[in-house]
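Source file input_39.txt; content: compact mmCIF, C-alpha atoms.
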```
# COMPACT_ATOMS: atom_id res chain seq x y z
CA MET C 1 48.58 23.03 37.39
CA ASN C 2 48.88 24.73 40.75
CA ARG C 3 47.96 21.54 42.58
CA ILE C 4 50.68 19.63 40.77
CA GLU C 5 53.20 22.37 41.43
CA ASN C 6 52.38 22.21 45.12
CA GLY C 7 52.71 18.46 45.27
CA GLN C 8 49.01 17.90 45.76
CA GLY C 9 48.10 16.63 42.34
CA THR C 10 46.16 13.50 41.55
CA GLN C 11 46.46 11.12 38.63
CA ASP C 12 43.28 12.68 37.26
CA ASP C 13 44.89 16.12 37.23
CA ILE C 14 47.45 15.19 34.59
CA ASP C 15 44.85 13.53 32.43
CA LYS C 16 42.51 16.46 32.90
CA LEU C 17 45.21 18.94 31.90
CA VAL C 18 45.97 17.06 28.72
CA ASP C 19 42.25 16.67 28.04
CA ILE C 20 41.57 20.41 28.46
CA CYS C 21 44.46 21.22 26.18
CA ASP C 22 43.08 18.79 23.65
CA ASN C 23 39.75 20.58 23.80
CA ILE C 24 41.25 24.03 23.32
CA LEU C 25 43.73 23.09 20.59
CA GLY C 26 42.35 23.95 17.18
CA ARG C 27 39.03 25.15 18.56
CA SER C 28 39.96 28.60 19.72
CA PHE C 29 39.14 31.87 18.00
CA CYS C 30 42.74 32.60 17.12
CA ALA C 31 46.11 30.94 17.24
CA LEU C 32 46.79 32.19 20.73
CA GLY C 33 44.45 29.62 22.22
CA ASP C 34 46.57 26.87 20.75
CA ALA C 35 49.58 28.73 22.03
CA ALA C 36 48.49 28.38 25.62
CA THR C 37 48.24 24.62 25.34
CA SER C 38 51.52 23.70 23.68
CA PRO C 39 53.84 24.22 26.64
CA ILE C 40 51.63 21.98 28.77
CA THR C 41 51.20 19.13 26.32
CA SER C 42 54.85 19.11 25.30
CA ALA C 43 56.05 19.27 28.89
CA VAL C 44 53.83 16.33 29.85
CA GLN C 45 55.13 14.48 26.80
CA TYR C 46 58.81 14.90 27.68
CA PHE C 47 58.72 15.15 31.46
CA ARG C 48 55.72 13.16 32.52
CA GLU C 49 57.56 11.77 35.53
CA GLU C 50 57.98 15.27 36.89
CA PHE C 51 54.26 15.88 36.68
CA GLU C 52 53.67 12.54 38.39
CA ALA C 53 56.09 13.56 41.12
CA GLY C 54 53.77 16.53 41.62
CA MET C 55 51.26 14.13 43.15
CA HIS C 56 53.34 13.88 46.30
CA THR C 57 56.25 16.35 46.26
CA PRO C 58 56.05 20.11 45.69
CA ALA C 59 58.19 21.43 42.83
CA HIS C 60 60.16 23.68 45.13
CA GLU C 61 61.35 20.64 47.06
CA LEU C 62 62.31 18.68 43.97
CA PHE C 63 64.01 21.67 42.40
CA PRO C 64 64.93 24.20 45.05
CA PRO C 65 64.99 27.61 43.35
CA GLU C 66 68.24 28.55 45.07
CA ARG C 67 70.05 25.90 43.05
CA SER C 68 69.37 27.89 39.88
CA VAL C 69 71.39 30.89 40.97
CA LEU C 70 75.10 31.25 40.44
CA PHE C 71 75.94 33.03 43.68
CA ASP C 72 75.98 31.33 47.07
CA ILE C 73 72.73 31.56 48.91
CA GLN C 74 73.65 32.53 52.40
CA THR C 75 71.33 32.22 55.30
CA LYS C 76 71.07 35.27 57.41
CA GLU C 77 72.38 34.83 60.91
CA PRO C 78 70.32 36.33 63.71
CA SER C 79 73.13 38.77 64.38
CA GLY C 80 72.92 40.09 60.84
CA MET C 81 76.24 38.46 60.03
CA VAL C 82 76.37 36.36 56.91
CA SER C 83 77.84 32.90 57.11
CA ALA C 84 80.16 31.75 54.35
CA MET M 1 76.91 28.53 5.39
CA THR M 2 74.98 28.04 8.55
CA ASP M 3 77.92 28.12 10.89
CA THR M 4 78.49 31.87 10.97
CA LEU M 5 76.58 34.86 12.09
CA THR M 6 75.24 37.23 9.46
CA PRO M 7 75.00 40.68 10.97
CA ILE M 8 72.81 42.67 8.61
CA LEU M 9 70.13 44.40 10.63
CA THR M 10 72.38 44.20 13.67
CA LYS M 11 75.49 45.29 11.79
CA PHE M 12 76.04 48.63 13.45
CA TRP M 13 74.14 48.22 16.70
CA ASP M 14 77.37 48.94 18.56
CA ASP M 15 77.92 52.23 16.75
CA PRO M 16 77.72 55.25 19.01
CA GLN M 17 74.30 56.74 18.25
CA SER M 18 73.42 53.87 15.93
CA TRP M 19 69.83 55.09 15.79
CA THR M 20 70.41 58.38 13.97
CA LEU M 21 69.74 59.06 10.33
CA ALA M 22 73.39 60.07 9.83
CA THR M 23 74.63 56.68 11.04
CA TYR M 24 72.08 54.85 8.95
CA GLU M 25 73.07 56.78 5.85
CA ARG M 26 76.71 56.00 6.48
CA HIS M 27 75.74 52.32 6.27
CA ASP M 28 73.96 52.60 2.90
CA GLY M 29 70.76 53.79 4.49
CA TYR M 30 67.91 54.89 2.21
CA LYS M 31 69.83 53.74 -0.87
CA ALA M 32 67.31 50.93 -1.24
CA LEU M 33 64.51 53.50 -1.20
CA THR M 34 66.10 55.45 -4.05
CA LYS M 35 66.42 52.21 -6.00
CA ALA M 36 62.88 51.13 -5.15
CA LEU M 37 61.37 54.39 -6.35
CA GLU M 38 62.90 53.74 -9.76
CA MET M 39 61.08 50.40 -9.88
CA GLU M 40 57.45 49.65 -10.58
CA PRO M 41 55.52 48.72 -7.42
CA GLN M 42 54.79 45.28 -8.87
CA ALA M 43 58.51 44.72 -9.45
CA ILE M 44 59.14 45.30 -5.74
CA ILE M 45 56.48 42.79 -4.78
CA ASP M 46 57.98 40.32 -7.25
CA ALA M 47 61.46 40.84 -5.81
CA VAL M 48 60.20 40.21 -2.27
CA LYS M 49 58.24 37.20 -3.47
CA ASP M 50 61.29 35.91 -5.29
CA SER M 51 63.40 36.21 -2.14
CA SER M 52 60.94 33.76 -0.52
CA ILE M 53 61.18 35.67 2.75
CA ARG M 54 58.73 34.24 5.26
CA GLY M 55 57.07 36.42 7.86
CA ARG M 56 59.21 36.86 10.92
CA GLY M 57 56.30 37.26 13.32
CA GLY M 58 55.88 33.60 14.09
CA ALA M 59 53.59 31.98 11.54
CA GLY M 60 56.11 32.11 8.70
CA PHE M 61 53.70 33.14 5.97
CA PRO M 62 55.56 34.36 2.86
CA THR M 63 55.63 38.15 2.97
CA GLY M 64 55.48 38.70 -0.79
CA MET M 65 52.44 36.41 -1.05
CA LYS M 66 50.70 38.34 1.70
CA TRP M 67 51.14 41.53 -0.26
CA SER M 68 49.87 40.04 -3.49
CA PHE M 69 46.82 38.57 -1.73
CA MET M 70 45.56 42.07 -0.98
CA SER M 71 42.48 43.07 -2.93
CA PRO M 72 43.35 44.99 -6.11
CA PRO M 73 43.40 48.80 -5.86
CA ASP M 74 39.97 50.38 -6.25
CA GLY M 75 40.94 53.98 -5.68
CA GLY M 76 40.32 53.89 -1.94
CA PRO M 77 42.92 53.83 0.81
CA ARG M 78 45.08 50.78 1.47
CA TYR M 79 47.06 50.28 4.62
CA LEU M 80 50.28 48.80 5.83
CA VAL M 81 50.35 48.02 9.53
CA VAL M 82 53.58 46.95 11.18
CA ASN M 83 53.06 44.63 14.10
CA ALA M 84 55.55 45.84 16.69
CA ASP M 85 53.56 44.48 19.61
CA GLU M 86 56.30 42.05 20.48
CA SER M 87 54.88 40.22 23.46
CA GLU M 88 55.62 36.54 23.22
CA PRO M 89 57.42 35.58 26.43
CA GLY M 90 61.13 35.29 25.72
CA THR M 91 61.03 37.21 22.47
CA CYS M 92 63.39 40.12 22.35
CA LYS M 93 64.23 41.01 18.77
CA ASP M 94 61.89 43.72 17.49
CA VAL M 95 62.31 46.03 20.45
CA PRO M 96 66.14 46.05 20.35
CA LEU M 97 65.98 46.36 16.56
CA MET M 98 63.77 49.44 16.71
CA MET M 99 65.85 50.78 19.54
CA ALA M 100 69.21 50.44 17.80
CA ASN M 101 68.26 50.77 14.15
CA PRO M 102 64.80 52.32 13.72
CA HIS M 103 65.56 53.67 10.25
CA ALA M 104 65.85 50.14 8.83
CA LEU M 105 62.19 49.70 9.76
CA ILE M 106 61.18 53.16 8.51
CA GLU M 107 62.88 52.59 5.17
CA GLY M 108 61.23 49.18 4.91
CA VAL M 109 57.84 50.70 5.66
CA ILE M 110 58.26 53.35 2.96
CA ILE M 111 59.32 50.78 0.35
CA ALA M 112 56.55 48.35 1.31
CA SER M 113 53.97 51.15 1.29
CA TYR M 114 55.04 52.23 -2.17
CA ALA M 115 54.86 48.60 -3.33
CA ILE M 116 51.32 47.93 -2.09
CA GLY M 117 49.98 51.41 -2.81
CA CYS M 118 49.58 52.52 0.78
CA GLU M 119 49.77 56.21 1.59
CA HIS M 120 49.42 55.95 5.33
CA ALA M 121 51.27 53.27 7.23
CA PHE M 122 50.98 52.46 10.91
CA ILE M 123 53.49 51.03 13.34
CA TYR M 124 51.63 49.45 16.24
CA LEU M 125 54.13 49.47 19.07
CA ARG M 126 53.85 47.94 22.48
CA GLY M 127 53.07 50.86 24.76
CA GLU M 128 55.32 49.87 27.65
CA VAL M 129 58.47 50.50 25.68
CA VAL M 130 58.31 54.26 25.86
CA HIS M 131 61.99 54.65 25.02
CA VAL M 132 61.44 52.82 21.74
CA TYR M 133 58.32 54.89 21.06
CA ARG M 134 60.35 58.09 21.43
CA ARG M 135 63.08 56.75 19.22
CA LEU M 136 60.63 55.75 16.49
CA LEU M 137 58.91 59.14 16.64
CA ARG M 138 62.28 60.84 16.30
CA ALA M 139 63.25 58.57 13.40
CA VAL M 140 60.00 59.38 11.59
CA GLU M 141 60.67 63.07 12.18
CA GLU M 142 64.19 62.75 10.78
CA ALA M 143 62.96 60.81 7.75
CA ARG M 144 60.27 63.40 7.08
CA ALA M 145 62.78 66.25 7.30
CA ALA M 146 65.03 64.41 4.86
CA GLY M 147 62.17 64.13 2.37
CA HIS M 148 61.72 60.37 2.71
CA LEU M 149 58.19 60.81 4.01
CA GLY M 150 55.39 63.15 3.04
CA THR M 151 53.57 64.06 -0.12
CA ASP M 152 56.54 63.92 -2.43
CA VAL M 153 58.85 61.10 -1.36
CA GLY M 154 62.23 61.29 -3.06
CA GLY M 155 60.90 63.90 -5.50
CA LYS M 156 58.82 61.23 -7.24
CA GLY M 157 55.40 62.44 -6.16
CA VAL M 158 54.88 59.35 -4.01
CA ARG M 159 52.81 59.94 -0.88
CA VAL M 160 53.69 57.99 2.25
CA ASP M 161 53.26 58.92 5.85
CA ILE M 162 53.78 56.93 9.03
CA THR M 163 51.85 57.02 12.28
CA VAL M 164 53.52 55.40 15.24
CA HIS M 165 50.84 54.12 17.58
CA ALA M 166 51.52 52.98 21.13
CA GLY M 167 49.28 50.13 22.19
CA ALA M 168 48.27 49.49 25.76
CA GLY M 169 50.27 46.31 26.09
CA ALA M 170 48.02 43.29 25.72
CA TYR M 171 49.27 39.95 24.52
CA ILE M 172 46.18 39.45 22.41
CA CYS M 173 46.90 42.60 20.39
CA GLY M 174 49.80 40.78 18.79
CA GLU M 175 47.19 38.79 16.88
CA GLU M 176 46.71 40.71 13.65
CA THR M 177 42.96 41.22 13.68
CA ALA M 178 42.88 42.07 17.40
CA LEU M 179 45.67 44.53 16.68
CA LEU M 180 43.54 46.17 13.98
CA ASP M 181 40.57 46.45 16.33
CA SER M 182 42.81 48.03 18.93
CA LEU M 183 44.25 50.42 16.36
CA GLU M 184 40.73 51.46 15.40
CA GLY M 185 40.11 52.36 19.02
CA ARG M 186 38.16 49.30 20.09
CA ARG M 187 39.01 46.66 22.61
CA GLY M 188 41.54 44.30 21.09
CA GLN M 189 39.67 41.12 20.21
CA PRO M 190 40.35 38.79 17.33
CA ARG M 191 37.95 39.05 14.41
CA LEU M 192 36.29 36.17 12.71
CA LYS M 193 38.04 35.32 9.48
CA PRO M 194 37.29 35.58 6.62
CA PRO M 195 37.35 38.35 5.58
CA PHE M 196 41.10 38.42 5.93
CA PRO M 197 42.87 41.74 6.47
CA GLY M 198 44.06 41.63 2.86
CA ALA M 199 40.43 42.14 1.82
CA ALA M 200 39.00 44.10 4.75
CA GLY M 201 41.44 45.04 7.45
CA LEU M 202 41.97 48.41 9.03
CA TYR M 203 38.78 50.51 8.63
CA ALA M 204 37.51 47.66 6.47
CA ARG M 205 40.08 48.48 3.79
CA PRO M 206 42.70 46.16 2.27
CA THR M 207 45.51 45.93 4.81
CA SER M 208 48.75 44.09 5.15
CA VAL M 209 49.92 43.37 8.67
CA ASN M 210 53.62 42.50 8.82
CA ASN M 211 56.17 41.92 11.53
CA VAL M 212 58.91 44.47 12.22
CA GLU M 213 61.71 42.18 11.17
CA SER M 214 60.02 41.18 7.90
CA ILE M 215 59.62 44.82 6.91
CA ALA M 216 63.12 45.77 8.09
CA SER M 217 64.54 43.02 5.85
CA VAL M 218 62.94 44.51 2.74
CA PRO M 219 65.53 47.28 2.09
CA GLY M 220 68.30 44.66 2.02
CA ILE M 221 66.37 42.52 -0.47
CA ILE M 222 65.80 45.51 -2.75
CA LEU M 223 69.37 46.78 -2.52
CA GLU M 224 71.26 43.50 -2.69
CA GLY M 225 68.77 41.47 -4.69
CA SER M 226 66.72 38.43 -3.85
CA ASP M 227 69.51 36.04 -4.81
CA TRP M 228 71.67 37.56 -2.09
CA PHE M 229 68.89 36.91 0.37
CA LYS M 230 68.30 33.38 -0.88
CA GLY M 231 72.03 32.70 -0.51
CA MET M 232 71.42 32.56 3.22
CA GLY M 233 69.33 30.14 5.16
CA THR M 234 67.79 26.97 3.80
CA GLU M 235 65.89 26.31 0.64
CA LYS M 236 62.45 26.81 2.13
CA SER M 237 63.39 29.20 4.91
CA THR M 238 65.57 31.73 3.21
CA GLY M 239 67.54 34.56 4.69
CA PHE M 240 68.59 35.56 8.13
CA GLY M 241 66.79 36.14 11.38
CA ILE M 242 67.46 37.50 14.80
CA PHE M 243 67.60 34.71 17.36
CA SER M 244 67.10 35.94 20.90
CA LEU M 245 68.77 33.66 23.41
CA SER M 246 67.80 34.03 27.02
CA GLY M 247 68.01 32.00 30.17
CA HIS M 248 70.79 29.84 31.45
CA VAL M 249 73.51 30.58 28.91
CA THR M 250 76.70 32.47 29.65
CA ASN M 251 76.08 35.39 27.29
CA PRO M 252 72.42 35.79 26.44
CA GLY M 253 71.46 38.22 23.70
CA GLN M 254 70.47 38.64 20.08
CA PHE M 255 72.24 36.59 17.44
CA GLU M 256 71.52 37.37 13.81
CA ALA M 257 72.13 34.19 11.87
CA PRO M 258 70.89 32.39 8.77
CA LEU M 259 67.80 30.29 9.35
CA GLY M 260 68.78 26.66 9.71
CA ILE M 261 71.44 27.26 12.35
CA THR M 262 71.20 24.74 15.18
CA MET M 263 70.66 25.32 18.86
CA ARG M 264 73.97 23.64 19.58
CA GLU M 265 75.79 26.26 17.50
CA LEU M 266 73.84 29.08 19.09
CA ILE M 267 74.56 27.91 22.62
CA ASP M 268 78.25 27.74 21.68
CA LEU M 269 78.05 31.28 20.33
CA ALA M 270 76.46 32.34 23.59
CA GLY M 271 79.43 31.00 25.50
CA GLY M 272 77.91 27.68 26.49
CA MET M 273 75.61 26.81 29.35
CA ARG M 274 75.86 29.03 32.37
CA GLY M 275 78.10 27.65 35.05
CA GLY M 276 78.81 24.55 32.95
CA ARG M 277 75.46 23.04 33.86
CA LYS M 278 73.47 20.63 31.77
CA LEU M 279 70.69 21.71 29.44
CA LYS M 280 67.29 20.40 30.45
CA PHE M 281 64.79 21.93 28.06
CA TRP M 282 64.37 24.92 25.77
CA THR M 283 61.74 26.64 23.69
CA PRO M 284 62.37 27.11 19.98
CA GLY M 285 59.99 30.03 19.48
CA GLY M 286 58.79 31.47 22.71
CA SER M 287 56.73 29.98 25.48
CA SER M 288 53.79 29.13 23.25
CA THR M 289 55.74 26.66 21.14
CA PRO M 290 56.12 23.07 22.34
CA ILE M 291 59.33 22.69 24.30
CA PHE M 292 62.39 20.85 23.08
CA THR M 293 64.98 18.86 25.03
CA GLU M 294 68.60 17.93 24.57
CA GLU M 295 67.77 15.46 21.80
CA HIS M 296 66.62 18.34 19.60
CA LEU M 297 69.86 20.33 19.82
CA ASP M 298 70.78 19.54 16.23
CA VAL M 299 67.42 20.33 14.67
CA PRO M 300 68.04 23.04 12.05
CA LEU M 301 66.17 26.12 13.16
CA ASP M 302 64.12 26.75 10.06
CA PHE M 303 60.35 26.73 9.76
CA ASP M 304 59.97 23.25 8.30
CA SER M 305 62.58 21.33 10.27
CA VAL M 306 61.28 22.63 13.58
CA ALA M 307 57.74 21.81 12.56
CA ALA M 308 58.79 18.31 11.54
CA ALA M 309 60.35 17.84 14.97
CA GLY M 310 57.00 18.69 16.54
CA SER M 311 57.28 22.33 17.46
CA MET M 312 57.24 25.75 15.80
CA LEU M 313 59.99 28.19 14.93
CA GLY M 314 57.72 30.98 16.07
CA THR M 315 59.58 34.14 16.92
CA ARG M 316 62.98 32.51 17.44
CA ALA M 317 62.80 33.21 21.14
CA LEU M 318 65.16 30.60 22.51
CA GLN M 319 64.74 30.29 26.21
CA VAL M 320 67.21 27.93 27.79
CA PHE M 321 66.61 26.12 31.06
CA ASP M 322 69.23 24.07 32.87
CA GLU M 323 68.85 21.00 35.03
CA THR M 324 68.01 22.96 38.16
CA VAL M 325 64.66 24.10 36.80
CA SER M 326 61.37 22.38 37.48
CA VAL M 327 59.44 21.90 34.25
CA VAL M 328 56.23 21.89 36.23
CA ARG M 329 56.96 25.26 37.76
CA ALA M 330 58.05 26.83 34.47
CA VAL M 331 54.94 25.59 32.70
CA ALA M 332 52.75 26.74 35.60
CA ARG M 333 54.15 30.28 35.29
CA TRP M 334 53.52 30.31 31.53
CA THR M 335 50.02 29.03 32.09
CA ASP M 336 49.41 31.82 34.60
CA PHE M 337 50.53 34.24 31.93
CA TYR M 338 48.17 32.80 29.32
CA ALA M 339 45.30 32.74 31.80
CA HIS M 340 45.95 36.40 32.58
CA GLU M 341 46.29 37.44 28.97
CA SER M 342 43.55 35.33 27.45
CA TRP M 343 40.51 37.28 26.48
CA ALA M 344 37.35 36.69 28.42
CA SER M 345 35.68 33.99 26.39
CA ALA M 346 38.77 31.81 26.21
CA ARG M 347 39.07 32.13 29.94
CA ARG M 348 35.41 31.32 30.47
CA ALA M 349 35.84 28.28 28.30
CA ALA M 350 38.81 27.13 30.31
CA ARG M 351 37.06 27.78 33.60
CA ALA M 352 33.90 26.00 32.53
CA ARG M 353 35.95 22.93 31.84
CA GLY M 354 37.30 22.83 35.33
CA GLY M 355 39.98 25.17 34.39
CA CYS M 356 43.66 25.45 34.25
CA ALA M 357 42.96 29.18 34.37
CA ARG M 358 43.01 30.49 37.88
CA SER M 359 41.66 34.02 37.70
```

In structure tokens, what does this structure look like?
Amino acid sequence: MNRIENGQGTQDDIDKLVDICDNILGRSFCALGDAATSPITSAVQYFREEFEAGMHTPAHELFPPERSVLFDIQTKEPSGMVSA
Amino acid sequence: MTDTLTPILTKFWDDPQSWTLATYERHDGYKALTKALEMEPQAIIDAVKDSSIRGRGGAGFPTGMKWSFMSPPDGGPRYLVVNADESEPGTCKDVPLMMANPHALIEGVIIASYAIGCEHAFIYLRGEVVHVYRRLLRAVEEARAAGHLGTDVGGKGVRVDITVHAGAGAYICGEETALLDSLEGRRGQPRLKPPFPGAAGLYARPTSVNNVESIASVPGIILEGSDWFKGMGTEKSTGFGIFSLSGHVTNPGQFEAPLGITMRELIDLAGGMRGGRKLKFWTPGGSSTPIFTEEHLDVPLDFDSVAAAGSMLGTRALQVFDETVSVVRAVARWTDFYAHESWASARRAARARGGCARS
């Protein structure tokens, strides 16, 4: 998961993730084991291309976190002044 | 029916000092208890069963059935344990409910205890929410002073007392058998089932573990009748529920609505998507339920429809993510959470397999 997030994933990583989830689902002591797998399997199901993009591009480049905020991200000038 | 909100538990959350006994009594508080004490315990169980209310803790097991599955009384103690260890990421319904209207839960606990023959009920609260812990303790104190708790509830000779227990804040303790272990003073780990808690739960005695919202809905069912309750929601998922919307909507918060409302309606009620952006994905019941996308906006949010669409209604924790969010990053954070919270053997299992668990 971390490799894919950092853009260093391999094709095997996605398959391995799904395979691990498959192995946990329904075999854990309590329902919370299943719980840990569902976000992964469903995300791969609906957004597989984003996981595949994780083989070459880090998530923070594809989706820069600053785009999620509503205020303007302003870069700090060396003088301490803030540019508009 | 499904296009309006139904404020019942949330009705007077905006009242100044909504949490006091006086406010609760002004809103018909403890009237259901008076009515319930006139009824036979079995009649209460039947009324709850008849209302078809399904457990609000995530699994959706019918509450009345759970009560009737308990082993028959044998003279020994029987317990009611309220699961207030709300810890599913995104879920924010039990804590605000206990914060704003703790007496609804207390009254529900007393009625439920009377119905199942329990003389000592427990509320297992998540320990981090100290403010809620204080408020519950105060509410229990008020109820005891008013004669609703103790050895002679309502002058009917019924014995009920409540212990509010603050847990240490572990995700796993939201699982009912791990919760019982934790309540007994052990490390919270799930037990092998069977035996189910209904046969051997807390201190190996018949126990019913119910969610806060399920129990808090009981006074309404007793007072207004099960037909009133069935008048809301869908045929198989009756009644109302608190939907907690969070994330990229304009006005996140708790929306109490009949089950079967759609996400589209809820997002509208929440003032639409934040900043007019596009919805990318959302969770119907907290992070542990398979995610949904835009195509699922019109899925009725009741237990069966959500399941048919491939997810779970869970705890009605609707987390909304807009187009600026990376699915990979969101899922990675959730996975970190599960890796951190998973108990040792699950983690070992994951690690042995080459692991998505990091720690």

Query raised in the report: Near chain M, which residues of chain C fall within 7 Å when you count all atoms listed in the file, and what do they look like as a ChimeraX atom specification?
Result: /C:1-2,5,30,35-36,38-40,42-43,50-51,59,63,67-68

Report task. Could you give me, as a PyMOL selection string, the residues within 6 Å of segment 300-303 of chain M, counting all atoms listed in the file and dropping anything in the same chain fewer than 6 positions from it? Result -> chain M and resi 237+259-262+313

Output as lines of an AutoDock Vina configuration file the centre and edge lengths (Å, one decimal) of the box along x, y and z of the file that holds every listed atom of segment 53-60 of chain M after adding 3 Å on each side.
```
center_x = 57.4
center_y = 34.6
center_z = 8.4
size_x = 13.6
size_y = 11.3
size_z = 17.3
```

Report task. Would you list the contacts of Asp34 of chain C as a PyMOL selection string, taking every protein, DNA or RNA residue within 9 Å and counting only C-alpha atoms, but skipping same-chain residues closer than 3 positions in sequence? Result -> (chain C and resi 21+24-28+30-31+37-38) or (chain M and resi 288)

Find the residues near Ala121 of chain M: any atom within 8 Å, counting all atoms listed in the file, skip ones fewer than 4 places away on the same chain, and give them as a PDB file with C-alpha atoms, keeping the file's coordinate frame.
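Final output, saved to part_3.pdb:
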```
ATOM      1  CA  TYR M  79      47.060  50.280   4.620  1.00  0.00           C
ATOM      2  CA  LEU M  80      50.280  48.800   5.830  1.00  0.00           C
ATOM      3  CA  VAL M  81      50.350  48.020   9.530  1.00  0.00           C
ATOM      4  CA  VAL M  82      53.580  46.950  11.180  1.00  0.00           C
ATOM      5  CA  VAL M 109      57.840  50.700   5.660  1.00  0.00           C
ATOM      6  CA  SER M 113      53.970  51.150   1.290  1.00  0.00           C
ATOM      7  CA  VAL M 160      53.690  57.990   2.250  1.00  0.00           C
ATOM      8  CA  ASP M 161      53.260  58.920   5.850  1.00  0.00           C
ATOM      9  CA  ILE M 162      53.780  56.930   9.030  1.00  0.00           C
ATOM     10  CA  THR M 163      51.850  57.020  12.280  1.00  0.00           C
TER      11      THR M 163
END
```

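Atom CA of Ala36 of chain M is found 10.3 Å from atom CA of Val218 of chain M.
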
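The space separating atom CA of Asn210 of chain M from atom CA of Ala145 of chain M comes to 25.5 Å.
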
Would you kindly return, as a CSV table (one decimal) with C-alpha atoms, keeping the file's coordinate frame, each protein, DNA or RNA residue with an atom no farther than 8 Å from any atom of Val212 of chain M, considering all atoms listed in the file and excluding same-chain residues fewer than 5 positions away?
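Below you can see selection.csv, which holds the result:
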```csv
chain,number,residue,atom,x,y,z
M,56,ARG,CA,59.2,36.9,10.9
M,57,GLY,CA,56.3,37.3,13.3
M,82,VAL,CA,53.6,47.0,11.2
M,83,ASN,CA,53.1,44.6,14.1
M,84,ALA,CA,55.6,45.8,16.7
M,94,ASP,CA,61.9,43.7,17.5
M,105,LEU,CA,62.2,49.7,9.8
```

Report task. For atom CA of Pro77 of chain M and atom CA of Gly157 of chain M, determine how far apart the two atoms are, in Å to one decimal place. Result ->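 Between atom CA of Pro77 of chain M and atom CA of Gly157 of chain M the gap works out to 16.7 Å.
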
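Of the residues under consideration (M:Gly253, M:Phe69, M:Ala309, M:Gly247), M:Gly247 shows the shortest atom-to-atom contact distance to Val69 of chain C when counting only C-alpha atoms.
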
Report task. Go through M:Arg205, M:His296, M:His340, M:Arg316 one by one, measure the shortest atom-to-atom distance of each to Pro284 of chain M using all atoms listed in the file, and give the residue with the smallest value. Result ->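 Among M:Arg205, M:His296, M:His340, M:Arg316, it is M:Arg316 that comes nearest to Pro284 of chain M.
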
Query raised in the report: Can you list, as a VMD selection string, every protein, DNA or RNA residue that comes within 8 Å of Asn6 of chain C when you count only C-alpha atoms, leaving out same-chain residues fewer than 5 positions away?
Result: chain C and resid 54 57 to 60
